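Next up, data20.pdb (PDB, C-alpha atoms, pLDDT in the B column):
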```pdb
ATOM      1  CA  MET A  30       4.140  -7.133  -6.220  1.00 95.00           C
ATOM      2  CA  LYS A  31       5.649  -4.097  -7.876  1.00 97.00           C
ATOM      3  CA  LEU A  32       3.964  -2.011 -10.570  1.00 98.00           C
ATOM      4  CA  TYR A  33       5.991   0.306 -12.808  1.00 98.00           C
ATOM      5  CA  THR A  34       3.918   3.214 -14.104  1.00 98.00           C
ATOM      6  CA  TYR A  35       3.541   6.803 -15.195  1.00 98.00           C
ATOM      7  CA  ASP A  36       0.931   8.720 -13.208  1.00 98.00           C
ATOM      8  CA  HIS A  37      -0.680  10.233 -16.319  1.00 98.00           C
ATOM      9  CA  CYS A  38      -0.840   7.010 -18.323  1.00 98.00           C
ATOM     10  CA  PRO A  39      -4.407   5.685 -18.840  1.00 98.00           C
ATOM     11  CA  PHE A  40      -3.075   2.167 -19.344  1.00 98.00           C
ATOM     12  CA  CYS A  41      -1.300   2.395 -15.996  1.00 98.00           C
ATOM     13  CA  ILE A  42      -4.514   3.585 -14.361  1.00 98.00           C
ATOM     14  CA  ARG A  43      -6.162   0.375 -15.560  1.00 98.00           C
ATOM     15  CA  ALA A  44      -3.592  -1.662 -13.681  1.00 98.00           C
ATOM     16  CA  ARG A  45      -3.783   0.527 -10.575  1.00 98.00           C
ATOM     17  CA  MET A  46      -7.571   0.201 -10.569  1.00 97.00           C
ATOM     18  CA  ILE A  47      -7.676  -3.563 -10.157  1.00 96.00           C
ATOM     19  CA  PHE A  48      -5.375  -3.472  -7.136  1.00 96.00           C
ATOM     20  CA  GLY A  49      -7.696  -0.953  -5.518  1.00 95.00           C
ATOM     21  CA  LEU A  50     -10.907  -2.750  -6.469  1.00 93.00           C
ATOM     22  CA  ARG A  51      -9.602  -6.073  -5.134  1.00 93.00           C
ATOM     23  CA  GLY A  52      -7.831  -4.647  -2.088  1.00 92.00           C
ATOM     24  CA  ILE A  53      -4.466  -6.138  -3.001  1.00 93.00           C
ATOM     25  CA  PRO A  54      -1.367  -4.276  -1.780  1.00 94.00           C
ATOM     26  CA  PHE A  55       1.368  -3.387  -4.236  1.00 96.00           C
ATOM     27  CA  GLU A  56       4.395  -1.144  -4.553  1.00 97.00           C
ATOM     28  CA  GLU A  57       4.192   1.509  -7.259  1.00 98.00           C
ATOM     29  CA  VAL A  58       7.336   2.755  -8.979  1.00 98.00           C
ATOM     30  CA  VAL A  59       6.941   5.776 -11.261  1.00 98.00           C
ATOM     31  CA  LEU A  60       9.575   5.852 -14.005  1.00 98.00           C
ATOM     32  CA  LEU A  61      10.889   8.986 -15.664  1.00 98.00           C
ATOM     33  CA  ASN A  62       9.201   9.359 -19.030  1.00 98.00           C
ATOM     34  CA  ASP A  63      12.483   9.332 -20.938  1.00 98.00           C
ATOM     35  CA  ASP A  64      13.821   6.205 -19.181  1.00 98.00           C
ATOM     36  CA  GLU A  65      13.940   3.696 -22.017  1.00 98.00           C
ATOM     37  CA  ASP A  66      16.487   1.281 -20.546  1.00 98.00           C
ATOM     38  CA  THR A  67      14.426   0.143 -17.524  1.00 98.00           C
ATOM     39  CA  PRO A  68      11.268  -1.010 -19.326  1.00 98.00           C
ATOM     40  CA  ILE A  69      13.200  -2.421 -22.269  1.00 98.00           C
ATOM     41  CA  GLY A  70      15.305  -4.417 -19.837  1.00 97.00           C
ATOM     42  CA  MET A  71      12.165  -5.857 -18.270  1.00 97.00           C
ATOM     43  CA  ILE A  72       9.868  -6.618 -21.216  1.00 97.00           C
ATOM     44  CA  GLY A  73      11.811  -5.667 -24.315  1.00 97.00           C
ATOM     45  CA  ALA A  74       9.772  -2.540 -25.056  1.00 97.00           C
ATOM     46  CA  LYS A  75       9.521   1.042 -23.845  1.00 97.00           C
ATOM     47  CA  GLN A  76       6.023   0.839 -22.399  1.00 97.00           C
ATOM     48  CA  VAL A  77       4.217   0.750 -19.080  1.00 98.00           C
ATOM     49  CA  PRO A  78       2.556  -0.530 -16.983  1.00 98.00           C
ATOM     50  CA  ILE A  79       4.875  -3.383 -16.090  1.00 98.00           C
ATOM     51  CA  LEU A  80       4.023  -5.771 -13.267  1.00 98.00           C
ATOM     52  CA  GLN A  81       6.723  -7.613 -11.379  1.00 98.00           C
ATOM     53  CA  LYS A  82       4.882 -10.742 -10.302  1.00 95.00           C
ATOM     54  CA  PRO A  83       5.456 -12.626  -7.021  1.00 94.00           C
ATOM     55  CA  ASP A  84       7.863 -15.008  -8.788  1.00 95.00           C
ATOM     56  CA  GLY A  85      10.006 -12.058  -9.919  1.00 95.00           C
ATOM     57  CA  SER A  86       9.047 -12.260 -13.591  1.00 97.00           C
ATOM     58  CA  TYR A  87       7.683  -9.275 -15.494  1.00 98.00           C
ATOM     59  CA  MET A  88       4.379  -8.797 -17.307  1.00 97.00           C
ATOM     60  CA  GLY A  89       3.397  -6.005 -19.666  1.00 96.00           C
ATOM     61  CA  GLU A  90       0.093  -5.115 -21.346  1.00 96.00           C
ATOM     62  CA  SER A  91      -2.424  -3.407 -19.085  1.00 97.00           C
ATOM     63  CA  LEU A  92      -5.390  -5.720 -19.630  1.00 97.00           C
ATOM     64  CA  ASP A  93      -3.228  -8.804 -19.126  1.00 97.00           C
ATOM     65  CA  ILE A  94      -2.154  -7.318 -15.787  1.00 97.00           C
ATOM     66  CA  VAL A  95      -5.764  -6.537 -14.876  1.00 97.00           C
ATOM     67  CA  ARG A  96      -6.878 -10.104 -15.567  1.00 95.00           C
ATOM     68  CA  PHE A  97      -3.880 -11.602 -13.760  1.00 95.00           C
ATOM     69  CA  VAL A  98      -4.454  -9.587 -10.588  1.00 95.00           C
ATOM     70  CA  ASP A  99      -8.208 -10.134 -10.773  1.00 94.00           C
ATOM     71  CA  GLY A 100      -7.587 -13.881 -10.920  1.00 91.00           C
ATOM     72  CA  MET A 101      -5.354 -13.694  -7.847  1.00 87.00           C
ATOM     73  CA  ALA A 102      -8.038 -12.013  -5.765  1.00 79.00           C
ATOM     74  CA  GLY A 103     -10.177 -15.105  -5.304  1.00 77.00           C
ATOM     75  CA  GLU A 104     -13.337 -13.089  -5.897  1.00 68.00           C
ATOM     76  CA  GLY A 105     -15.827 -12.906  -8.721  1.00 67.00           C
ATOM     77  CA  ARG A 106     -14.053 -12.021 -11.938  1.00 86.00           C
ATOM     78  CA  LEU A 107     -14.632  -8.705 -13.643  1.00 92.00           C
ATOM     79  CA  LYS A 108     -17.482  -8.671 -16.108  1.00 92.00           C
ATOM     80  CA  GLU A 109     -15.928  -8.935 -19.562  1.00 94.00           C
ATOM     81  CA  GLU A 110     -18.841  -7.569 -21.613  1.00 94.00           C
ATOM     82  CA  ILE A 111     -18.288  -4.243 -23.357  1.00 96.00           C
ATOM     83  CA  ARG A 112     -21.600  -2.832 -24.566  1.00 97.00           C
ATOM     84  CA  PRO A 113     -21.454  -1.683 -28.201  1.00 98.00           C
ATOM     85  CA  GLU A 114     -22.582   1.803 -27.204  1.00 97.00           C
ATOM     86  CA  ILE A 115     -19.716   2.040 -24.680  1.00 98.00           C
ATOM     87  CA  GLN A 116     -17.210   0.927 -27.312  1.00 98.00           C
ATOM     88  CA  ALA A 117     -18.626   3.479 -29.727  1.00 98.00           C
ATOM     89  CA  TRP A 118     -18.248   6.170 -27.053  1.00 98.00           C
ATOM     90  CA  LEU A 119     -14.637   5.176 -26.419  1.00 98.00           C
ATOM     91  CA  ASP A 120     -13.864   5.267 -30.137  1.00 98.00           C
ATOM     92  CA  LYS A 121     -15.406   8.707 -30.590  1.00 97.00           C
ATOM     93  CA  VAL A 122     -13.804  10.351 -27.563  1.00 98.00           C
ATOM     94  CA  GLY A 123     -10.493   8.697 -28.377  1.00 97.00           C
ATOM     95  CA  GLU A 124     -10.235  10.773 -31.536  1.00 96.00           C
ATOM     96  CA  TYR A 125      -9.603  14.022 -29.650  1.00 97.00           C
ATOM     97  CA  VAL A 126      -9.286  13.508 -25.900  1.00 98.00           C
ATOM     98  CA  ASN A 127      -5.477  13.476 -25.882  1.00 98.00           C
ATOM     99  CA  LYS A 128      -5.513  16.974 -27.374  1.00 98.00           C
ATOM    100  CA  LEU A 129      -7.114  18.145 -24.144  1.00 98.00           C
ATOM    101  CA  ILE A 130      -5.062  16.038 -21.758  1.00 98.00           C
ATOM    102  CA  GLN A 131      -1.509  15.562 -22.992  1.00 98.00           C
ATOM    103  CA  PRO A 132      -0.497  19.254 -23.297  1.00 98.00           C
ATOM    104  CA  ARG A 133      -1.489  19.626 -19.638  1.00 98.00           C
ATOM    105  CA  ASP A 134       0.322  16.509 -18.389  1.00 98.00           C
ATOM    106  CA  VAL A 135       3.672  18.296 -18.314  1.00 98.00           C
ATOM    107  CA  LEU A 136       2.310  21.319 -16.430  1.00 98.00           C
ATOM    108  CA  ILE A 137       1.248  19.840 -13.079  1.00 98.00           C
ATOM    109  CA  GLY A 138       4.441  18.467 -11.541  1.00 97.00           C
ATOM    110  CA  LEU A 139       3.963  14.751 -12.140  1.00 98.00           C
ATOM    111  CA  PRO A 140       6.872  12.535 -11.028  1.00 98.00           C
ATOM    112  CA  GLU A 141       7.500  11.103 -14.503  1.00 98.00           C
ATOM    113  CA  PHE A 142       8.282  14.659 -15.631  1.00 98.00           C
ATOM    114  CA  ALA A 143      10.705  15.529 -12.833  1.00 98.00           C
ATOM    115  CA  THR A 144      13.464  16.498 -15.277  1.00 98.00           C
ATOM    116  CA  GLN A 145      13.487  18.790 -18.287  1.00 98.00           C
ATOM    117  CA  ALA A 146      14.790  15.909 -20.393  1.00 98.00           C
ATOM    118  CA  SER A 147      11.730  13.811 -19.519  1.00 98.00           C
ATOM    119  CA  ILE A 148       9.412  16.698 -20.418  1.00 98.00           C
ATOM    120  CA  ASP A 149      11.175  17.315 -23.724  1.00 98.00           C
ATOM    121  CA  TYR A 150      11.013  13.609 -24.562  1.00 98.00           C
ATOM    122  CA  PHE A 151       7.254  13.486 -23.942  1.00 98.00           C
ATOM    123  CA  VAL A 152       6.492  16.675 -25.851  1.00 98.00           C
ATOM    124  CA  ARG A 153       8.539  15.564 -28.836  1.00 98.00           C
ATOM    125  CA  LYS A 154       6.854  12.158 -28.998  1.00 97.00           C
ATOM    126  CA  LYS A 155       3.276  13.304 -28.437  1.00 98.00           C
ATOM    127  CA  GLU A 156       3.369  16.324 -30.733  1.00 98.00           C
ATOM    128  CA  GLN A 157       4.032  13.881 -33.572  1.00 97.00           C
ATOM    129  CA  ASN A 158       0.527  12.498 -32.955  1.00 97.00           C
ATOM    130  CA  ILE A 159      -1.600  15.424 -31.781  1.00 98.00           C
ATOM    131  CA  GLY A 160       0.231  18.478 -33.085  1.00 98.00           C
ATOM    132  CA  ASN A 161       1.639  21.462 -31.252  1.00 98.00           C
ATOM    133  CA  PHE A 162       0.824  21.524 -27.540  1.00 98.00           C
ATOM    134  CA  GLU A 163       0.247  25.275 -27.393  1.00 98.00           C
ATOM    135  CA  THR A 164      -2.111  25.134 -30.371  1.00 98.00           C
ATOM    136  CA  ASN A 165      -4.108  22.386 -28.707  1.00 98.00           C
ATOM    137  CA  LEU A 166      -4.310  24.350 -25.470  1.00 98.00           C
ATOM    138  CA  SER A 167      -5.652  27.325 -27.398  1.00 98.00           C
ATOM    139  CA  ASN A 168      -8.349  25.068 -28.879  1.00 97.00           C
ATOM    140  CA  THR A 169      -9.550  23.868 -25.463  1.00 97.00           C
ATOM    141  CA  GLN A 170     -13.080  25.230 -25.806  1.00 96.00           C
ATOM    142  CA  GLN A 171     -13.580  23.551 -29.174  1.00 96.00           C
ATOM    143  CA  TYR A 172     -12.608  20.191 -27.711  1.00 97.00           C
ATOM    144  CA  LEU A 173     -14.742  20.798 -24.622  1.00 97.00           C
ATOM    145  CA  ASP A 174     -17.780  21.502 -26.775  1.00 96.00           C
ATOM    146  CA  ASN A 175     -17.347  18.074 -28.370  1.00 96.00           C
ATOM    147  CA  LEU A 176     -16.690  16.481 -25.010  1.00 98.00           C
ATOM    148  CA  TYR A 177     -19.820  17.864 -23.367  1.00 98.00           C
ATOM    149  CA  THR A 178     -21.929  16.363 -26.141  1.00 97.00           C
ATOM    150  CA  ASP A 179     -20.220  13.016 -25.665  1.00 98.00           C
ATOM    151  CA  LEU A 180     -20.489  13.111 -21.865  1.00 98.00           C
ATOM    152  CA  ALA A 181     -24.233  13.723 -22.201  1.00 97.00           C
ATOM    153  CA  GLU A 182     -24.410  10.528 -24.254  1.00 97.00           C
ATOM    154  CA  LEU A 183     -22.431   8.602 -21.650  1.00 97.00           C
ATOM    155  CA  GLU A 184     -24.556   9.602 -18.658  1.00 96.00           C
ATOM    156  CA  PRO A 185     -27.646   7.445 -19.399  1.00 96.00           C
ATOM    157  CA  LEU A 186     -25.352   4.432 -19.904  1.00 96.00           C
ATOM    158  CA  ILE A 187     -24.261   4.566 -16.251  1.00 96.00           C
ATOM    159  CA  LYS A 188     -26.182   2.233 -13.946  1.00 91.00           C
ATOM    160  CA  GLU A 189     -27.104   3.322 -10.442  1.00 78.00           C
ATOM    161  CA  SER A 190     -24.354   1.414  -8.589  1.00 77.00           C
ATOM    162  CA  ASN A 191     -21.398  -0.950  -8.926  1.00 83.00           C
ATOM    163  CA  GLY A 192     -19.772   0.522 -11.965  1.00 90.00           C
ATOM    164  CA  LEU A 193     -20.994   1.547 -15.371  1.00 94.00           C
ATOM    165  CA  ASN A 194     -22.999  -1.605 -15.984  1.00 92.00           C
ATOM    166  CA  GLY A 195     -24.220  -2.534 -12.507  1.00 89.00           C
ATOM    167  CA  GLU A 196     -21.306  -4.915 -11.908  1.00 91.00           C
ATOM    168  CA  TRP A 197     -17.608  -4.086 -11.852  1.00 92.00           C
ATOM    169  CA  GLY A 198     -16.173  -4.937 -15.227  1.00 95.00           C
ATOM    170  CA  MET A 199     -13.903  -4.181 -18.120  1.00 97.00           C
ATOM    171  CA  GLU A 200     -16.079  -1.227 -19.091  1.00 97.00           C
ATOM    172  CA  ASP A 201     -14.904   0.489 -15.917  1.00 97.00           C
ATOM    173  CA  ILE A 202     -11.290  -0.446 -16.602  1.00 98.00           C
ATOM    174  CA  LEU A 203     -11.524   1.225 -20.023  1.00 98.00           C
ATOM    175  CA  VAL A 204     -13.688   4.276 -19.270  1.00 98.00           C
ATOM    176  CA  PHE A 205     -12.588   5.506 -15.836  1.00 98.00           C
ATOM    177  CA  PRO A 206      -8.960   6.241 -16.850  1.00 98.00           C
ATOM    178  CA  ILE A 207     -10.179   8.626 -19.550  1.00 98.00           C
ATOM    179  CA  LEU A 208     -12.576  10.404 -17.215  1.00 98.00           C
ATOM    180  CA  ARG A 209      -9.974  10.617 -14.459  1.00 98.00           C
ATOM    181  CA  ASN A 210      -7.414  12.161 -16.771  1.00 98.00           C
ATOM    182  CA  LEU A 211      -9.963  14.682 -18.038  1.00 98.00           C
ATOM    183  CA  THR A 212     -10.105  16.139 -14.522  1.00 98.00           C
ATOM    184  CA  ILE A 213      -6.817  17.829 -15.459  1.00 98.00           C
ATOM    185  CA  VAL A 214      -8.847  20.371 -17.476  1.00 98.00           C
ATOM    186  CA  ARG A 215      -9.675  23.409 -15.368  1.00 97.00           C
ATOM    187  CA  GLY A 216     -13.357  24.267 -15.344  1.00 93.00           C
ATOM    188  CA  LEU A 217     -14.470  20.874 -16.613  1.00 96.00           C
ATOM    189  CA  GLN A 218     -18.157  20.340 -15.797  1.00 95.00           C
ATOM    190  CA  LEU A 219     -19.129  16.676 -15.614  1.00 97.00           C
ATOM    191  CA  PRO A 220     -22.817  15.701 -15.744  1.00 97.00           C
ATOM    192  CA  PRO A 221     -24.101  14.655 -12.290  1.00 96.00           C
ATOM    193  CA  LYS A 222     -24.062  10.877 -12.819  1.00 96.00           C
ATOM    194  CA  VAL A 223     -20.669  11.020 -14.499  1.00 97.00           C
ATOM    195  CA  GLN A 224     -19.305  13.142 -11.642  1.00 97.00           C
ATOM    196  CA  ALA A 225     -20.660  10.714  -9.049  1.00 95.00           C
ATOM    197  CA  TYR A 226     -19.201   7.762 -10.951  1.00 96.00           C
ATOM    198  CA  VAL A 227     -15.764   9.367 -11.220  1.00 97.00           C
ATOM    199  CA  ALA A 228     -15.708  10.238  -7.522  1.00 96.00           C
ATOM    200  CA  GLU A 229     -16.811   6.747  -6.515  1.00 95.00           C
ATOM    201  CA  MET A 230     -14.264   5.003  -8.729  1.00 96.00           C
ATOM    202  CA  SER A 231     -11.455   7.279  -7.589  1.00 97.00           C
ATOM    203  CA  GLY A 232     -12.127   6.326  -3.988  1.00 96.00           C
ATOM    204  CA  LEU A 233     -12.582   2.624  -4.607  1.00 95.00           C
ATOM    205  CA  CYS A 234      -9.536   2.313  -6.844  1.00 96.00           C
ATOM    206  CA  LYS A 235      -7.348   4.674  -4.829  1.00 96.00           C
ATOM    207  CA  VAL A 236      -6.514   6.678  -7.950  1.00 98.00           C
ATOM    208  CA  PRO A 237      -6.597  10.399  -7.047  1.00 98.00           C
ATOM    209  CA  LEU A 238      -8.169  12.880  -9.444  1.00 98.00           C
ATOM    210  CA  TYR A 239      -6.377  15.906 -10.890  1.00 98.00           C
ATOM    211  CA  THR A 240      -9.094  18.384  -9.906  1.00 97.00           C
ATOM    212  CA  ASP A 241      -6.882  20.320  -7.474  1.00 96.00           C
ATOM    213  CA  LYS A 242      -4.101  20.574 -10.091  1.00 96.00           C
ATOM    214  CA  ALA A 243      -6.254  21.337 -13.119  1.00 98.00           C
ATOM    215  CA  VAL A 244      -4.950  23.795 -15.717  1.00 97.00           C
TER
END
```
In structure tokens, write the structure found in this file.
Amino acid sequence: MKLYTYDHCPFCIRARMIFGLRGIPFEEVVLLNDDEDTPIGMIGAKQVPILQKPDGSYMGESLDIVRFVDGMAGEGRLKEEIRPEIQAWLDKVGEYVNKLIQPRDVLIGLPEFATQASIDYFVRKKEQNIGNFETNLSNTQQYLDNLYTDLAELEPLIKESNGLNGEWGMEDILVFPILRNLTIVRGLQLPPKVQAYVAEMSGLCKVPLYTDKAV
């Protein structure tokens, strides 16, 4: 199977995670961020991830891909339950987390930003949602102050093993991509249980962190 992605994309990380968790091999193809023709030709929309299934057909939508691959694995299915407190955490962090992450995405040499045109495309699109990248970078400490409060609330929700809720599940598929992408922030201090969780999931899912590239 072939998976079309961007490295920075949290939805793509969801799809990459299930291949790692289930030990299923796949070929990853990273598209340039300004390549509209390829994804539109596959699924009729400029979005990733896109899975090319064994029969050659294409599938979009990250959670559909996760469930499809999970079903192929012949193992216990991912736990579907999302605890209300986890959903509340996702909603709260989702209000500002991109202001920390997206201005940094174009600074660390990711393959989807290999051309100036792809960088310009991304900046133009994302600044419409989060505002000026440089302004957001200058407000890093303000966002980190909020984040540290929210990470402290997340830590007691993490069980001792096998994912956030003691059994691999959709909570992990939703939460880990955010935490992984936050490792792009230089000097980020994760609480001990959150740090251990991120390291464990990175290894299991074969999704490298950005710690060594952080800015």
**Message:** Under the PyMOL selection byres ((chain A and resi 34) around 7), which residues of this model are included? Write them out as a list in words.
**Reply:**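 So the PyMOL selection byres ((chain A and resi 34) around 7) ends up selecting Leu32, Tyr33, Tyr35, Asp36, Cys41, Val58, Val59, Leu60, Val77, Pro78 and Ile79 of chain A.
Here CA of Val98 (chain A) stands at a distance of 27.1 Å from CA of Glu114 (chain A).
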**Request:** Rank nothing, just name the residue among A:Val126, A:Asp149, A:Lys242, A:Pro68 nearest to Tyr177 (chain A), using only C-alpha atoms.
**Result:**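 Using only C-alpha atoms, the shortest distance to Tyr177 (chain A) belongs to A:Val126.
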**Message:** For a cutoff of 9 Å around the file-coordinate point (-10.4, 5.6, -10.2), which residues qualify once you count all atoms listed in the file? I'd like the result as number ranges by chain.
**Reply:** A: 42-43, 45-46, 49, 201-202, 205-206, 208-209, 227-238
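When all atoms listed in the file are used to measure the gap to Ile47 (chain A), the shortest distance among A:Lys154, A:Lys75, A:Arg106, A:Lys188 belongs to A:Arg106.
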**Prompt:** Could you work out how far CA of Leu166 (chain A) lies from CA of Gln145 (chain A), giving the answer in Å with one decimal?
**Reply:**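 Separation of CA of Gln145 (chain A) and CA of Leu166 (chain A): 20.0 Å.
With CA of Arg112 (chain A) on one side and CA of Trp197 (chain A) on the other, the separation reads 13.4 Å.
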**Asked** Which one is closest to Arg96 (chain A): A:Gly198, A:Pro132, A:Gly123, A:Gly160? Count all atoms listed in the file.
**Response**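 Smallest separation from Arg96 (chain A) among the options: A:Gly198.
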Do a neighbour search on Leu176 (chain A) at 9 Å with only C-alpha atoms, toss out local chain neighbours closer than 5 positions, and write the hits as a short mmCIF file (atom, residue, chain, number, x, y, z; two decimals) with C-alpha atoms, in the frame of the given file.
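So selection08.cif came out as:
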```
data_model
loop_
_atom_site.label_atom_id
_atom_site.label_comp_id
_atom_site.auth_asym_id
_atom_site.auth_seq_id
_atom_site.Cartn_x
_atom_site.Cartn_y
_atom_site.Cartn_z
CA VAL A 122 -13.80 10.35 -27.56
CA TYR A 125 -9.60 14.02 -29.65
CA VAL A 126 -9.29 13.51 -25.90
CA GLN A 171 -13.58 23.55 -29.17
CA ALA A 181 -24.23 13.72 -22.20
#
```
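When the PyMOL selection byres ((chain A and resi 212-223) around 6) is evaluated on the file shown here, the picked residues come out as Glu184, Arg209, Asn210, Leu211, Gln224, Ala225, Tyr226, Tyr239, Thr240, Ala243 and Val244 of chain A.
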Build an axis-aligned box that encloses every atom of region 209-213 of chain A listed in the file, pad it by 3 Å on each side, and report its centre and edge lengths in Å to one decimal, as lines of an AutoDock Vina configuration file.
```
center_x = -8.5
center_y = 14.2
center_z = -16.2
size_x = 9.3
size_y = 13.2
size_z = 9.6
```
**Request:** Tell me which protein, DNA and RNA residues are within 12 Å of Tyr150 (chain A), counting only C-alpha atoms, leaving out same-chain ones fewer than 6 positions away, and put them as a PyMOL selection string.
**Result:** chain A and resi 61-65+135+141-144+156-157
What does the file look like for those residues with C-alpha atoms, as a PDB file, in the coordinates of the input?
```pdb
ATOM      1  CA  LEU A  61      10.889   8.986 -15.664  1.00 98.00           C
ATOM      2  CA  ASN A  62       9.201   9.359 -19.030  1.00 98.00           C
ATOM      3  CA  ASP A  63      12.483   9.332 -20.938  1.00 98.00           C
ATOM      4  CA  ASP A  64      13.821   6.205 -19.181  1.00 98.00           C
ATOM      5  CA  GLU A  65      13.940   3.696 -22.017  1.00 98.00           C
ATOM      6  CA  VAL A 135       3.672  18.296 -18.314  1.00 98.00           C
ATOM      7  CA  GLU A 141       7.500  11.103 -14.503  1.00 98.00           C
ATOM      8  CA  PHE A 142       8.282  14.659 -15.631  1.00 98.00           C
ATOM      9  CA  ALA A 143      10.705  15.529 -12.833  1.00 98.00           C
ATOM     10  CA  THR A 144      13.464  16.498 -15.277  1.00 98.00           C
ATOM     11  CA  GLU A 156       3.369  16.324 -30.733  1.00 98.00           C
ATOM     12  CA  GLN A 157       4.032  13.881 -33.572  1.00 97.00           C
TER      13      GLN A 157
END
```
**Asked** Within 8 Å of Phe55 (chain A), counting all atoms listed in the file, which residues qualify if same-chain residues fewer than 5 places away don't, as a VMD selection string?
**Response** chain A and resid 30 to 32 48
**Asked** Near Glu163 (chain A), within 10 Å and counting only C-alpha atoms, which residues show up once chain neighbours fewer than 4 positions away are dropped, as number ranges by chain?
**Response** A: 132-133, 167-168
Go ahead and save the residues from that selection, with C-alpha atoms, as a PDB file, in the coordinates of the input.
```pdb
ATOM      1  CA  PRO A 132      -0.497  19.254 -23.297  1.00 98.00           C
ATOM      2  CA  ARG A 133      -1.489  19.626 -19.638  1.00 98.00           C
ATOM      3  CA  SER A 167      -5.652  27.325 -27.398  1.00 98.00           C
ATOM      4  CA  ASN A 168      -8.349  25.068 -28.879  1.00 97.00           C
TER       5      ASN A 168
END
```
Generate the missing atoms of region 203-217 of chain A up to N, CA and C atoms and report them as a PDB file, keeping the file's coordinate frame.
```pdb
ATOM      1  N   LEU A 203     -11.796   0.460 -18.816  1.00 98.00           N
ATOM      2  CA  LEU A 203     -11.524   1.225 -20.023  1.00 98.00           C
ATOM      3  C   LEU A 203     -11.966   2.687 -19.925  1.00 98.00           C
ATOM      4  N   VAL A 204     -13.092   2.931 -19.253  1.00 98.00           N
ATOM      5  CA  VAL A 204     -13.688   4.276 -19.270  1.00 98.00           C
ATOM      6  C   VAL A 204     -13.148   5.173 -18.161  1.00 98.00           C
ATOM      7  N   PHE A 205     -13.009   4.649 -16.948  1.00 98.00           N
ATOM      8  CA  PHE A 205     -12.588   5.506 -15.836  1.00 98.00           C
ATOM      9  C   PHE A 205     -11.253   6.202 -16.085  1.00 98.00           C
ATOM     10  N   PRO A 206     -10.225   5.529 -16.630  1.00 98.00           N
ATOM     11  CA  PRO A 206      -8.960   6.241 -16.850  1.00 98.00           C
ATOM     12  C   PRO A 206      -9.096   7.486 -17.711  1.00 98.00           C
ATOM     13  N   ILE A 207      -9.964   7.449 -18.701  1.00 98.00           N
ATOM     14  CA  ILE A 207     -10.179   8.626 -19.550  1.00 98.00           C
ATOM     15  C   ILE A 207     -10.837   9.738 -18.747  1.00 98.00           C
ATOM     16  N   LEU A 208     -11.875   9.393 -17.998  1.00 98.00           N
ATOM     17  CA  LEU A 208     -12.576  10.404 -17.215  1.00 98.00           C
ATOM     18  C   LEU A 208     -11.677  10.978 -16.128  1.00 98.00           C
ATOM     19  N   ARG A 209     -10.904  10.130 -15.497  1.00 98.00           N
ATOM     20  CA  ARG A 209      -9.974  10.617 -14.459  1.00 98.00           C
ATOM     21  C   ARG A 209      -8.999  11.602 -15.050  1.00 98.00           C
ATOM     22  N   ASN A 210      -8.410  11.273 -16.189  1.00 98.00           N
ATOM     23  CA  ASN A 210      -7.414  12.161 -16.771  1.00 98.00           C
ATOM     24  C   ASN A 210      -8.024  13.470 -17.265  1.00 98.00           C
ATOM     25  N   LEU A 211      -9.294  13.450 -17.623  1.00 98.00           N
ATOM     26  CA  LEU A 211      -9.963  14.682 -18.038  1.00 98.00           C
ATOM     27  C   LEU A 211     -10.113  15.674 -16.892  1.00 98.00           C
ATOM     28  N   THR A 212     -10.011  15.210 -15.654  1.00 98.00           N
ATOM     29  CA  THR A 212     -10.105  16.139 -14.522  1.00 98.00           C
ATOM     30  C   THR A 212      -8.913  17.083 -14.461  1.00 98.00           C
ATOM     31  N   ILE A 213      -7.944  16.914 -15.368  1.00 98.00           N
ATOM     32  CA  ILE A 213      -6.817  17.829 -15.459  1.00 98.00           C
ATOM     33  C   ILE A 213      -7.212  19.148 -16.134  1.00 98.00           C
ATOM     34  N   VAL A 214      -8.394  19.182 -16.749  1.00 98.00           N
ATOM     35  CA  VAL A 214      -8.847  20.371 -17.476  1.00 98.00           C
ATOM     36  C   VAL A 214      -9.594  21.299 -16.516  1.00 98.00           C
ATOM     37  N   ARG A 215      -9.048  22.453 -16.294  1.00 97.00           N
ATOM     38  CA  ARG A 215      -9.675  23.409 -15.368  1.00 97.00           C
ATOM     39  C   ARG A 215     -11.041  23.838 -15.890  1.00 97.00           C
ATOM     40  N   GLY A 216     -12.018  23.836 -14.988  1.00 93.00           N
ATOM     41  CA  GLY A 216     -13.357  24.267 -15.344  1.00 93.00           C
ATOM     42  C   GLY A 216     -14.220  23.180 -15.946  1.00 93.00           C
ATOM     43  N   LEU A 217     -13.680  21.975 -16.060  1.00 96.00           N
ATOM     44  CA  LEU A 217     -14.470  20.874 -16.613  1.00 96.00           C
ATOM     45  C   LEU A 217     -15.735  20.658 -15.788  1.00 96.00           C
TER      46      LEU A 217
END
```
